[in-house]
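Right, one structure below, let's go through it.
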Amino acid sequence: MKTEEKLSKLKEVVSSLGSVVVAFSGGVDSTLVAKVCHDILKSNAMAVTARSETYPDFEFKEAQKLAKEIGIKHLVIDTSELAIEGFANNPPERCYFCKTELFGKLKEIAKDHGLLNVADGANLDDTQEFRPGLQASRELNVRSPLKESGLTKDDIRKVSKMLNLPNWDKPAYACMSSRFPYGQSITEEKLSMVSEAEKYLRGLGLIQFRVRHHETIARIEVLPEDISILTGLPVREELTIKFKEIGFTYVTLDLAGYRSGSMNEVLSKDIVSNFQ
């Protein structure tokens, strides 16, 4: 299918919703969903962004800006993943707990505003990855217009570019809780350390990266072509000093480079298959 045909299919799916609350993070996926829902459903579409400890302020500000540019009604709610039972212990199904809580709140908001559905930004590629949150969306009957339209991540960027969405080429940015190995507790202090460390890397001009928190160790993932940026002087020395000031004892660079979901590499096939 051509890009125009895929957009047409997405519009059909959105039209069938009638009215909707969109779980809106400001990422590429949810931005496309919000855009098309607003274009098709007009005042019967609302975007809702949940602020929490795992959602950086720069992402929130970008979401606000995008919602305003799209023109969709935008509601901001405050949540706390760390208060969700089981979440802070960081088990493999952590995202299931989070999404169950979030989608439950969005269902209530939809009901209060007389809207029929809740939609997320899940796409077809997500079904091939370890995504416990997908189970929560199924259980709560959350719609996934991108997935239902058969759109992959690459398709989404092409359609977003065609619609002139400003973040069509924005790098993927996962929830901050993904920076911690399963079984390692997540705290506000640790989240703050990761946030400050990634802010420093962003200041170096890096675009796609992660700082994984292994207690006293910071494991930095950058694109393979960017590894030399961090290993040369004076950046290497300055980075090491900065990360130790943040609270890490050891600073390491992952030679395999950035890859999405690297924390999932330790999971057994049985655990992964249970959430696909």
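Within each chain, counting starts at residue 1; across the structure tokens, chains are named A, B, ... in the order shown, with ligands numbered 1 upward in that order.
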Near-range 131-134 of chain A list (12 Å; only C-alpha atoms; drop same-chain fewer than 4 positions) as number ranges by chain = A: 91-103, 119-127, 138-144, 147, 174, 178, 261, 264, 271-276
Create the file for the chosen residues now, containing C-alpha atoms and written as a PDB file, in the first residue's frame.
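Result written to part03.pdb:
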ATOM      1  CA  PRO A  91       9.112  -6.734  37.552  1.00  0.00           C
ATOM      2  CA  PRO A  92       9.056  -7.650  33.828  1.00  0.00           C
ATOM      3  CA  GLU A  93       5.309  -6.902  33.734  1.00  0.00           C
ATOM      4  CA  ARG A  94       5.860  -3.388  35.101  1.00  0.00           C
ATOM      5  CA  CYS A  95       4.297  -1.735  32.044  1.00  0.00           C
ATOM      6  CA  TYR A  96       1.155  -3.818  32.474  1.00  0.00           C
ATOM      7  CA  PHE A  97       0.571  -2.278  35.907  1.00  0.00           C
ATOM      8  CA  CYS A  98       1.212   1.214  34.565  1.00  0.00           C
ATOM      9  CA  LYS A  99      -1.051   0.922  31.522  1.00  0.00           C
ATOM     10  CA  THR A 100      -3.838  -0.696  33.519  1.00  0.00           C
ATOM     11  CA  GLU A 101      -3.812   2.284  35.864  1.00  0.00           C
ATOM     12  CA  LEU A 102      -3.543   4.850  33.060  1.00  0.00           C
ATOM     13  CA  PHE A 103      -6.167   3.369  30.759  1.00  0.00           C
ATOM     14  CA  ALA A 119      -7.182   5.082  21.933  1.00  0.00           C
ATOM     15  CA  ASP A 120      -3.430   4.623  22.246  1.00  0.00           C
ATOM     16  CA  GLY A 121      -0.458   4.858  19.884  1.00  0.00           C
ATOM     17  CA  ALA A 122       0.402   1.159  19.630  1.00  0.00           C
ATOM     18  CA  ASN A 123       1.454   0.092  16.133  1.00  0.00           C
ATOM     19  CA  LEU A 124       1.911  -3.150  14.231  1.00  0.00           C
ATOM     20  CA  ASP A 125       5.612  -3.474  15.104  1.00  0.00           C
ATOM     21  CA  ASP A 126       4.776  -3.353  18.813  1.00  0.00           C
ATOM     22  CA  THR A 127       3.074  -6.739  18.543  1.00  0.00           C
ATOM     23  CA  ARG A 138      -6.811  -5.562  25.346  1.00  0.00           C
ATOM     24  CA  GLU A 139      -8.352  -6.137  28.761  1.00  0.00           C
ATOM     25  CA  LEU A 140      -9.751  -2.602  28.906  1.00  0.00           C
ATOM     26  CA  ASN A 141     -10.879  -2.529  25.261  1.00  0.00           C
ATOM     27  CA  VAL A 142      -8.573   0.337  24.337  1.00  0.00           C
ATOM     28  CA  ARG A 143      -8.447   0.940  20.597  1.00  0.00           C
ATOM     29  CA  SER A 144      -5.166   1.126  18.688  1.00  0.00           C
ATOM     30  CA  LYS A 147      -2.162  -1.131  14.790  1.00  0.00           C
ATOM     31  CA  ALA A 174      10.732   5.301  26.077  1.00  0.00           C
ATOM     32  CA  SER A 178      12.977   1.443  31.024  1.00  0.00           C
ATOM     33  CA  GLY A 261      14.593  -2.476  24.827  1.00  0.00           C
ATOM     34  CA  ASN A 264      14.687  -7.190  27.683  1.00  0.00           C
ATOM     35  CA  ILE A 271       8.080 -14.398  29.739  1.00  0.00           C
ATOM     36  CA  VAL A 272       8.206 -12.570  26.406  1.00  0.00           C
ATOM     37  CA  SER A 273       5.631 -14.849  24.758  1.00  0.00           C
ATOM     38  CA  ASN A 274       3.200 -14.357  27.637  1.00  0.00           C
ATOM     39  CA  PHE A 275       2.863 -10.669  26.763  1.00  0.00           C
ATOM     40  CA  GLN A 276       2.716 -10.784  22.980  1.00  0.00           C
TER      41      GLN A 276
END
Enumerate, in order of chain and increasing residue number, the residues of range 157-216 of chain A with an atom no farther than 9 Å from range 76-83 of chain A, each with its shortest atom pair and distance in Å to one decimal, counting only C-alpha atoms, as CSV.
residue,atom,partner,partner_atom,distance
A:Ile186,CA,A:Leu82,CA,7.6
A:Thr187,CA,A:Leu82,CA,7.4
A:Glu188,CA,A:Leu82,CA,8.2
Please produce a file of the residues just selected, as a PDB file, in the first residue's frame, where the atoms kept are N, CA and C atoms.
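Final file, result-v4.pdb:
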ATOM      1  N   ILE A 186      12.806   1.081  41.533  1.00  0.00           N
ATOM      2  CA  ILE A 186      12.797   2.398  40.912  1.00  0.00           C
ATOM      3  C   ILE A 186      12.386   3.422  41.962  1.00  0.00           C
ATOM      4  N   THR A 187      13.171   4.473  42.109  1.00  0.00           N
ATOM      5  CA  THR A 187      12.868   5.531  43.076  1.00  0.00           C
ATOM      6  C   THR A 187      12.957   6.888  42.385  1.00  0.00           C
ATOM      7  N   GLU A 188      12.396   7.901  43.030  1.00  0.00           N
ATOM      8  CA  GLU A 188      12.482   9.254  42.473  1.00  0.00           C
ATOM      9  C   GLU A 188      13.929   9.713  42.365  1.00  0.00           C
TER      10      GLU A 188
END
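The neighbours of Lys11 in chain A here are the residues that come within 10 Å of it, using only C-alpha atoms and leaving out any residue fewer than 2 positions away in the same chain; they are Glu5, Lys6, Leu7, Ser8, Lys9, Val13, Val14, Ser15, Ser16, Val33, Val36, Cys37, Asp39, Ile40, Leu41, Pro145, Leu146 and Ser149 of chain A.
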Let me see the file: selected residues, N, CA and C atoms, as a PDB file, in the first residue's frame.
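Now in again.pdb:
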ATOM      1  N   GLU A   5      -2.666   5.565   0.782  1.00  0.00           N
ATOM      2  CA  GLU A   5      -3.652   4.503   1.039  1.00  0.00           C
ATOM      3  C   GLU A   5      -3.652   4.119   2.518  1.00  0.00           C
ATOM      4  N   LYS A   6      -2.485   4.119   3.128  1.00  0.00           N
ATOM      5  CA  LYS A   6      -2.392   3.775   4.548  1.00  0.00           C
ATOM      6  C   LYS A   6      -3.051   4.860   5.399  1.00  0.00           C
ATOM      7  N   LEU A   7      -2.872   6.110   5.004  1.00  0.00           N
ATOM      8  CA  LEU A   7      -3.534   7.211   5.707  1.00  0.00           C
ATOM      9  C   LEU A   7      -5.043   7.097   5.559  1.00  0.00           C
ATOM     10  N   SER A   8      -5.491   6.730   4.376  1.00  0.00           N
ATOM     11  CA  SER A   8      -6.923   6.565   4.132  1.00  0.00           C
ATOM     12  C   SER A   8      -7.504   5.482   5.031  1.00  0.00           C
ATOM     13  N   LYS A   9      -6.773   4.380   5.199  1.00  0.00           N
ATOM     14  CA  LYS A   9      -7.213   3.294   6.073  1.00  0.00           C
ATOM     15  C   LYS A   9      -7.282   3.768   7.515  1.00  0.00           C
ATOM     16  N   VAL A  13     -10.553   3.888  10.197  1.00  0.00           N
ATOM     17  CA  VAL A  13     -10.581   3.334  11.552  1.00  0.00           C
ATOM     18  C   VAL A  13     -10.961   4.416  12.564  1.00  0.00           C
ATOM     19  N   VAL A  14     -10.370   5.598  12.439  1.00  0.00           N
ATOM     20  CA  VAL A  14     -10.656   6.696  13.359  1.00  0.00           C
ATOM     21  C   VAL A  14     -12.116   7.121  13.248  1.00  0.00           C
ATOM     22  N   SER A  15     -12.615   7.192  12.034  1.00  0.00           N
ATOM     23  CA  SER A  15     -14.010   7.572  11.834  1.00  0.00           C
ATOM     24  C   SER A  15     -14.964   6.615  12.545  1.00  0.00           C
ATOM     25  N   SER A  16     -14.594   5.330  12.567  1.00  0.00           N
ATOM     26  CA  SER A  16     -15.446   4.316  13.204  1.00  0.00           C
ATOM     27  C   SER A  16     -15.508   4.474  14.717  1.00  0.00           C
ATOM     28  N   VAL A  33      -1.928   9.834  15.940  1.00  0.00           N
ATOM     29  CA  VAL A  33      -3.283   9.447  16.332  1.00  0.00           C
ATOM     30  C   VAL A  33      -4.101  10.685  16.708  1.00  0.00           C
ATOM     31  N   VAL A  36      -5.010  12.830  13.476  1.00  0.00           N
ATOM     32  CA  VAL A  36      -6.066  12.276  12.630  1.00  0.00           C
ATOM     33  C   VAL A  36      -7.406  12.261  13.365  1.00  0.00           C
ATOM     34  N   CYS A  37      -7.376  11.959  14.658  1.00  0.00           N
ATOM     35  CA  CYS A  37      -8.619  11.980  15.437  1.00  0.00           C
ATOM     36  C   CYS A  37      -9.223  13.381  15.460  1.00  0.00           C
ATOM     37  N   ASP A  39      -8.692  15.781  13.201  1.00  0.00           N
ATOM     38  CA  ASP A  39      -9.121  16.128  11.840  1.00  0.00           C
ATOM     39  C   ASP A  39     -10.454  15.475  11.484  1.00  0.00           C
ATOM     40  N   ILE A  40     -10.666  14.246  11.918  1.00  0.00           N
ATOM     41  CA  ILE A  40     -11.868  13.501  11.545  1.00  0.00           C
ATOM     42  C   ILE A  40     -13.024  13.739  12.515  1.00  0.00           C
ATOM     43  N   LEU A  41     -12.721  13.699  13.805  1.00  0.00           N
ATOM     44  CA  LEU A  41     -13.775  13.734  14.818  1.00  0.00           C
ATOM     45  C   LEU A  41     -14.004  15.120  15.420  1.00  0.00           C
ATOM     46  N   PRO A 145      -5.657   2.598  16.789  1.00  0.00           N
ATOM     47  CA  PRO A 145      -5.892   2.890  15.368  1.00  0.00           C
ATOM     48  C   PRO A 145      -4.709   2.581  14.459  1.00  0.00           C
ATOM     49  N   LEU A 146      -3.494   2.846  14.908  1.00  0.00           N
ATOM     50  CA  LEU A 146      -2.325   2.586  14.068  1.00  0.00           C
ATOM     51  C   LEU A 146      -2.157   1.088  13.833  1.00  0.00           C
ATOM     52  N   SER A 149      -4.854  -0.332  11.640  1.00  0.00           N
ATOM     53  CA  SER A 149      -4.686   0.071  10.240  1.00  0.00           C
ATOM     54  C   SER A 149      -3.496  -0.612   9.585  1.00  0.00           C
TER      55      SER A 149
END
Could you name the residues that touch Val21 in chain A at 9 Å or less, counting only C-alpha atoms, but leaving out those on the same chain fewer than 5 positions away, as a PDB file with C-alpha atoms, in the first residue's frame?
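The new file out39.pdb reads:
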ATOM      1  CA  ALA A  34      -4.199  12.785  17.934  1.00  0.00           C
ATOM      2  CA  ASN A  44     -15.396  14.613  19.664  1.00  0.00           C
ATOM      3  CA  ALA A  45     -11.683  13.998  20.164  1.00  0.00           C
ATOM      4  CA  MET A  46      -9.648  14.846  23.258  1.00  0.00           C
ATOM      5  CA  ALA A  47      -5.966  14.262  24.031  1.00  0.00           C
ATOM      6  CA  VAL A  48      -4.970  13.435  27.596  1.00  0.00           C
ATOM      7  CA  LEU A 106      -8.720   7.521  30.688  1.00  0.00           C
ATOM      8  CA  LYS A 107     -11.837   5.354  30.545  1.00  0.00           C
ATOM      9  CA  ILE A 109     -12.403  10.636  31.669  1.00  0.00           C
ATOM     10  CA  ALA A 110     -14.047   9.407  28.472  1.00  0.00           C
ATOM     11  CA  LEU A 115     -16.793  10.042  24.685  1.00  0.00           C
ATOM     12  CA  LEU A 116     -17.130   6.463  23.501  1.00  0.00           C
ATOM     13  CA  ASN A 117     -13.565   5.203  23.199  1.00  0.00           C
ATOM     14  CA  VAL A 118     -10.003   5.411  24.464  1.00  0.00           C
ATOM     15  CA  ALA A 119      -7.182   5.082  21.933  1.00  0.00           C
ATOM     16  CA  ASP A 120      -3.430   4.623  22.246  1.00  0.00           C
TER      17      ASP A 120
END
Name the residues in contact with Phe209 in chain A at a cut-off of 12 Å, using only C-alpha atoms, excluding same-chain residues fewer than 5 positions from it; report them as a ChimeraX atom specification.
-> /A:171-174,179,194,197-202,204,219-227,230,253-254,257-262
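Distances from A:Ser43, A:Ser137, A:Ser19, A:Asn90 to Lys111 in chain A were compared using only C-alpha atoms, and the smallest one belongs to A:Ser19.
Counting from CA of Asp57 in chain A, the distance to CA of Asp29 in chain A is 19.0 Å.
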For Tyr250 in chain A, please output as a PyMOL selection string all residues within 7 Å (counting only C-alpha atoms; exclusion window: fewer than 4 positions along the same chain).
-> chain A and resi 216-218
